[in-house]
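Asks: Just dropping this structure here.
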Amino acid sequence: MNAIIPRPVSVTPAEGTFTLTGQTVLHAPTGGADAKRIAEYLASRLRPATGFPLPVPADPPENGSAGISLELTDADPGLGEEGYELRLGPDGARLSAFRPAGLFYAVQSLLQLFPPAVEAKSTQPGPWTVEAVLVRDQPRFAWRGAMLDVARHFFKPAEVKRFIDQLAGYKFNLLHLHLTDDQGWRLEIRSRPELTRLGSCYSVNRDPGGFYTQAEYLDLVAYARERFITILPEVDMPGHTNAALACYPELNRAGTAPELYTGTEVGFSSFDIHNEATYRFLDEVIGEIAGLTPGPFFHIGGDEAHSTPEDDYVHFVQRVQEIVKAHGKTCIGWEEIAKARLLPETVVQFWWNKEWALKGAKQGRKFVLSPATHAYMDIKYDPDTLLGQDWTKKYIPVREAYEWDPATMLEGVAEASILGIEAPLWSETAVTTADLDYLIFPRLPGYAEIAWTPAKARSWDEYRQRLAAHGPRLQARGIAFYRSPDISWE
């Protein structure tokens, strides 16, 4: 059974099989360094479980063996920036794309066609045989993201890299890092050292905190880029700012530093909107982070600013947008920002209040959809779920997570105005990678399919069979997933 997730646009069975052996050679005859690097990545993924050498020589083999060819070609521009073609047969495997990202996604599909044991970190018996097939594929949406909250609980660089690898396996291309909140500030800002000296000390429930040095953050950015994932940094403002206010009291309207906060209530903190020190602070912070982040966007948060008067809030958003723009980035914020007059390029991220979100639609702005009732990975699967939250008064079982369409989520917002979707994971109850695994899987593959696959090609009854086939694959990767009763796990 073809168990590729997200489901490709076109899958055509062919005659015969392709078998990976100890004599298989990978090569990149076209595409130069980009194609060769992706070939090396594929070889590195296949070697542990197969035990095969899988060399990637500079020149193609001359013996005509059934190897794996990875090619970048301008012969098929219809595949677009992220599309690919994958051909498997007795004479070998050929992965081709118009751009490097597409070639990387072809690799992910090929890996999913091999038996699940290919994900193991130690040598497995095989055989490594795949049915012959032709796959042609490209995504529905350009924005296919997930968000990780590292402010409520801090996750170390290695843990974030593990999350990046999980996203890459399902063709996500964006990781939104929620870097700051009332409970902690998680990125070194050299012009404002107190943010991490003091503001990073704790997490929710006074659990240990932490922060990323700028070198660690740059390493995460580079690691993600190698997997065609863009890092989107978020500094939440003007609310969710207690950690910053505790470090720099002049940013607080009272002029005094509040205590560090390790609870989970929201909406009580706010920058001093009418103090120029606030904007000097933000100019320095946004400037440093923008300089570390090659991606085009900067997220200003903007949610749940309950203690900021609305006129002040509108003034703040309009001014901060300009600071973001001055540092060469495009502004994005949660839907509340649409109450302000937005710059033409500013993006609205919908999460809860449709009325506020539609204020952005009236301004003609683009959207990213993250509906809390369908896409929040920290919401419980059901009343008995061990981890997660239930503040939405609506659980999100695996089927509910899968059966929604971005094009119909916001009435009055056409698909042409939707950049894509993003599945957030807030970390109030998530402390370890096992916690993340439990909340993320098996919902994450469904979000990947919503973002990638045309709506008319998606069916729950068909998808649940493919998802069941991923159970052994997740086990082989050491992912402690929730065994949803919606799925007949193999």
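For the structure tokens, the naming scheme is as follows: chains receive sequential letters (A, B, ...) according to their order of presentation, residues are indexed from 1 within each chain, and ligands are indexed from 1 in presentation order.
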From a backbone DSSP assignment, name each residue in region 83-301 of chain A labelled helix (DSSP H, G or I), as JSON, numbers by chain.
Replies: {"A": [100, 101, 102, 103, 104, 105, 106, 107, 108, 109, 110, 111, 112, 113, 116, 117, 118, 119, 157, 158, 159, 160, 161, 162, 163, 164, 165, 166, 167, 168, 194, 195, 196, 197, 204, 205, 206, 214, 215, 216, 217, 218, 219, 220, 221, 222, 223, 224, 225, 226, 242, 243, 244, 245, 246, 247, 249, 250, 251, 276, 277, 278, 279, 280, 281, 282, 283, 284, 285, 286, 287, 288, 289, 290, 291, 292]}
Asks: Write a file of the just-selected residues containing C-alpha atoms, as a short mmCIF file (atom, residue, chain, number, x, y, z; two decimals), in the first residue's frame.
Replies:
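Okay, selection21.cif is ready:
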```cif
data_model
loop_
_atom_site.label_atom_id
_atom_site.label_comp_id
_atom_site.auth_asym_id
_atom_site.auth_seq_id
_atom_site.Cartn_x
_atom_site.Cartn_y
_atom_site.Cartn_z
CA PRO A 100 16.30 21.96 -4.35
CA ALA A 101 13.34 22.03 -1.95
CA GLY A 102 11.37 19.79 -4.29
CA LEU A 103 14.25 17.33 -4.45
CA PHE A 104 14.37 17.21 -0.66
CA TYR A 105 10.64 16.47 -0.52
CA ALA A 106 11.11 13.68 -3.08
CA VAL A 107 13.58 12.15 -0.61
CA GLN A 108 10.93 12.22 2.14
CA SER A 109 8.46 10.37 -0.09
CA LEU A 110 11.07 7.78 -1.05
CA LEU A 111 11.91 7.13 2.61
CA GLN A 112 8.24 6.57 3.39
CA LEU A 113 7.98 3.95 0.61
CA PRO A 116 9.22 1.15 8.43
CA ALA A 117 12.40 -0.46 9.74
CA VAL A 118 14.34 1.95 7.51
CA GLU A 119 13.86 4.50 10.32
CA PRO A 157 18.83 23.00 20.99
CA ALA A 158 19.07 19.22 20.48
CA GLU A 159 15.38 18.88 21.35
CA VAL A 160 14.44 21.58 18.86
CA LYS A 161 16.53 19.85 16.19
CA ARG A 162 14.63 16.64 16.89
CA PHE A 163 11.40 18.57 16.33
CA ILE A 164 12.79 20.05 13.10
CA ASP A 165 13.55 16.55 11.83
CA GLN A 166 10.01 15.47 12.64
CA LEU A 167 8.66 18.40 10.64
CA ALA A 168 10.99 17.75 7.72
CA GLU A 194 19.36 41.10 31.64
CA LEU A 195 16.74 39.44 29.45
CA THR A 196 18.54 36.14 29.71
CA ARG A 197 20.58 36.67 32.89
CA VAL A 204 5.93 27.24 34.28
CA ASN A 205 5.67 25.73 37.79
CA ARG A 206 9.19 27.04 38.54
CA GLN A 214 23.09 33.68 19.58
CA ALA A 215 25.52 31.00 18.35
CA GLU A 216 23.02 28.28 19.28
CA TYR A 217 20.20 30.14 17.57
CA LEU A 218 22.27 30.57 14.40
CA ASP A 219 23.02 26.86 14.49
CA LEU A 220 19.29 26.08 14.74
CA VAL A 221 18.59 28.41 11.81
CA ALA A 222 21.26 26.67 9.72
CA TYR A 223 20.07 23.19 10.73
CA ALA A 224 16.52 24.07 9.71
CA ARG A 225 17.63 25.64 6.41
CA GLU A 226 19.46 22.45 5.47
CA ASN A 242 6.29 39.97 32.27
CA ALA A 243 9.74 38.39 31.79
CA ALA A 244 10.96 41.49 29.95
CA LEU A 245 9.35 43.87 32.47
CA ALA A 246 11.06 42.04 35.34
CA CYS A 247 14.41 42.70 33.68
CA PRO A 249 11.36 48.05 34.87
CA GLU A 250 11.36 51.23 32.77
CA LEU A 251 9.29 49.28 30.22
CA GLU A 276 9.92 56.05 24.18
CA ALA A 277 12.13 53.62 26.13
CA THR A 278 9.76 50.86 25.01
CA TYR A 279 10.40 51.56 21.33
CA ARG A 280 14.15 51.94 21.82
CA PHE A 281 14.10 48.54 23.51
CA LEU A 282 12.09 46.96 20.70
CA ASP A 283 14.25 48.53 18.01
CA GLU A 284 17.33 46.95 19.60
CA VAL A 285 15.69 43.55 20.16
CA ILE A 286 14.03 43.30 16.76
CA GLY A 287 17.21 44.51 15.09
CA GLU A 288 19.39 41.85 16.73
CA ILE A 289 16.96 39.01 16.02
CA ALA A 290 16.39 40.16 12.44
CA GLY A 291 20.14 40.13 11.91
CA LEU A 292 20.30 36.51 13.06
#
```
Asks: Residues at most 8 Å from Arg140 (chain A), counting only C-alpha atoms, excluding those fewer than 4 positions away in the same chain, as JSON, numbers by chain?
Replies: {"A": [451, 452, 453, 454]}
Asks: With C-alpha atoms retained, could you export that selection as an mmCIF file, in the first residue's frame?
Replies:
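Done, and the output landed in part06.cif:
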```
data_model
loop_
_atom_site.group_PDB
_atom_site.id
_atom_site.type_symbol
_atom_site.label_atom_id
_atom_site.label_comp_id
_atom_site.auth_asym_id
_atom_site.auth_seq_id
_atom_site.Cartn_x
_atom_site.Cartn_y
_atom_site.Cartn_z
ATOM 1 C CA ALA A 451 -1.386 22.029 3.974
ATOM 2 C CA TRP A 452 0.008 19.956 1.092
ATOM 3 C CA THR A 453 -2.783 17.938 -0.513
ATOM 4 C CA PRO A 454 -5.741 19.379 -2.468
#
```
Asks: Extract the full set of strand (DSSP E) residues from region 204-290 of chain A according to DSSP on the backbone, and format it as a PyMOL selection string.
Replies: chain A and resi 230-237
Asks: Record the distance separating CA of Ile300 (chain A) and CA of Pro193 (chain A), expressed in Å with one decimal.
Replies: 20.4 Å
Asks: Env of region 234-238 of chain A: 9 Å cut, atoms = only C-alpha atoms, seq-sep filter 6 positions within chain, self excluded. Answer as a list in words.
Replies: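 Here the answer would be His176, Leu177, His178, Leu179, Thr180, Asp181, Trp185, Ser269, Ser270, Phe271, Asp272, Ile273, Val285, Ile286, Phe298, His299, Ile300, Gly301, Gly302, Asp303, Ala305, Thr308, Tyr313, Phe316, Val317 and Gly333 of chain A.
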Asks: May I have the selected residues written with C-alpha atoms, as a CSV table (one decimal), in the first residue's frame?
Replies:
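Here's the written file part_5.csv:
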```
chain,number,residue,atom,x,y,z
A,176,HIS,CA,7.6,29.3,14.4
A,177,LEU,CA,9.5,29.7,17.7
A,178,HIS,CA,7.6,31.4,20.4
A,179,LEU,CA,10.7,32.8,22.1
A,180,THR,CA,9.2,35.1,24.8
A,181,ASP,CA,6.3,35.2,27.2
A,185,TRP,CA,12.8,35.1,27.6
A,269,SER,CA,1.2,42.3,31.6
A,270,SER,CA,1.8,45.2,29.2
A,271,PHE,CA,4.6,47.4,27.9
A,272,ASP,CA,4.3,51.1,28.6
A,273,ILE,CA,2.9,52.2,25.3
A,285,VAL,CA,15.7,43.6,20.2
A,286,ILE,CA,14.0,43.3,16.8
A,298,PHE,CA,9.1,38.6,12.2
A,299,HIS,CA,6.2,37.8,14.5
A,300,ILE,CA,5.1,40.4,17.0
A,301,GLY,CA,2.6,38.3,18.8
A,302,GLY,CA,-0.2,40.8,19.8
A,303,ASP,CA,-2.5,38.3,21.4
A,305,ALA,CA,-3.2,42.1,25.5
A,308,THR,CA,-3.5,47.4,27.3
A,313,TYR,CA,-2.9,48.8,21.5
A,316,PHE,CA,1.5,50.2,19.5
A,317,VAL,CA,0.8,47.8,16.6
A,333,GLY,CA,0.9,38.8,14.3
```
Asks: Residues near Trp128 (chain A), anyone? I mean within 7 Å using only C-alpha atoms, not counting same-chain ones fewer than 6 positions away, as a VMD selection string.
Replies: chain A and resid 19 to 20 114 to 115
Asks: Would you put the residues from that selection into a file with C-alpha atoms, as an mmCIF file, in the first residue's frame?
Replies:
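out.cif was written with the following content:
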```cif
data_model
loop_
_atom_site.group_PDB
_atom_site.id
_atom_site.type_symbol
_atom_site.label_atom_id
_atom_site.label_comp_id
_atom_site.auth_asym_id
_atom_site.auth_seq_id
_atom_site.Cartn_x
_atom_site.Cartn_y
_atom_site.Cartn_z
ATOM 1 C CA THR A 19 15.548 -2.971 -4.375
ATOM 2 C CA LEU A 20 18.192 -1.160 -2.368
ATOM 3 C CA PHE A 114 10.626 1.747 2.230
ATOM 4 C CA PRO A 115 9.602 -0.614 5.054
#
```
Asks: Point out the residue among A:Ile418, A:Val398, A:Ile337, A:Val11 with the least atom-to-atom distance to Leu134 (chain A), counting only C-alpha atoms.
Replies: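 Closest candidate: A:Val11.
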Asks: Neighbours of region 460-464 of chain A within 7 Å (only C-alpha atoms; same-chain residues fewer than 3 positions away dropped), as a ChimeraX atom specification?
Replies: /A:467-468,487
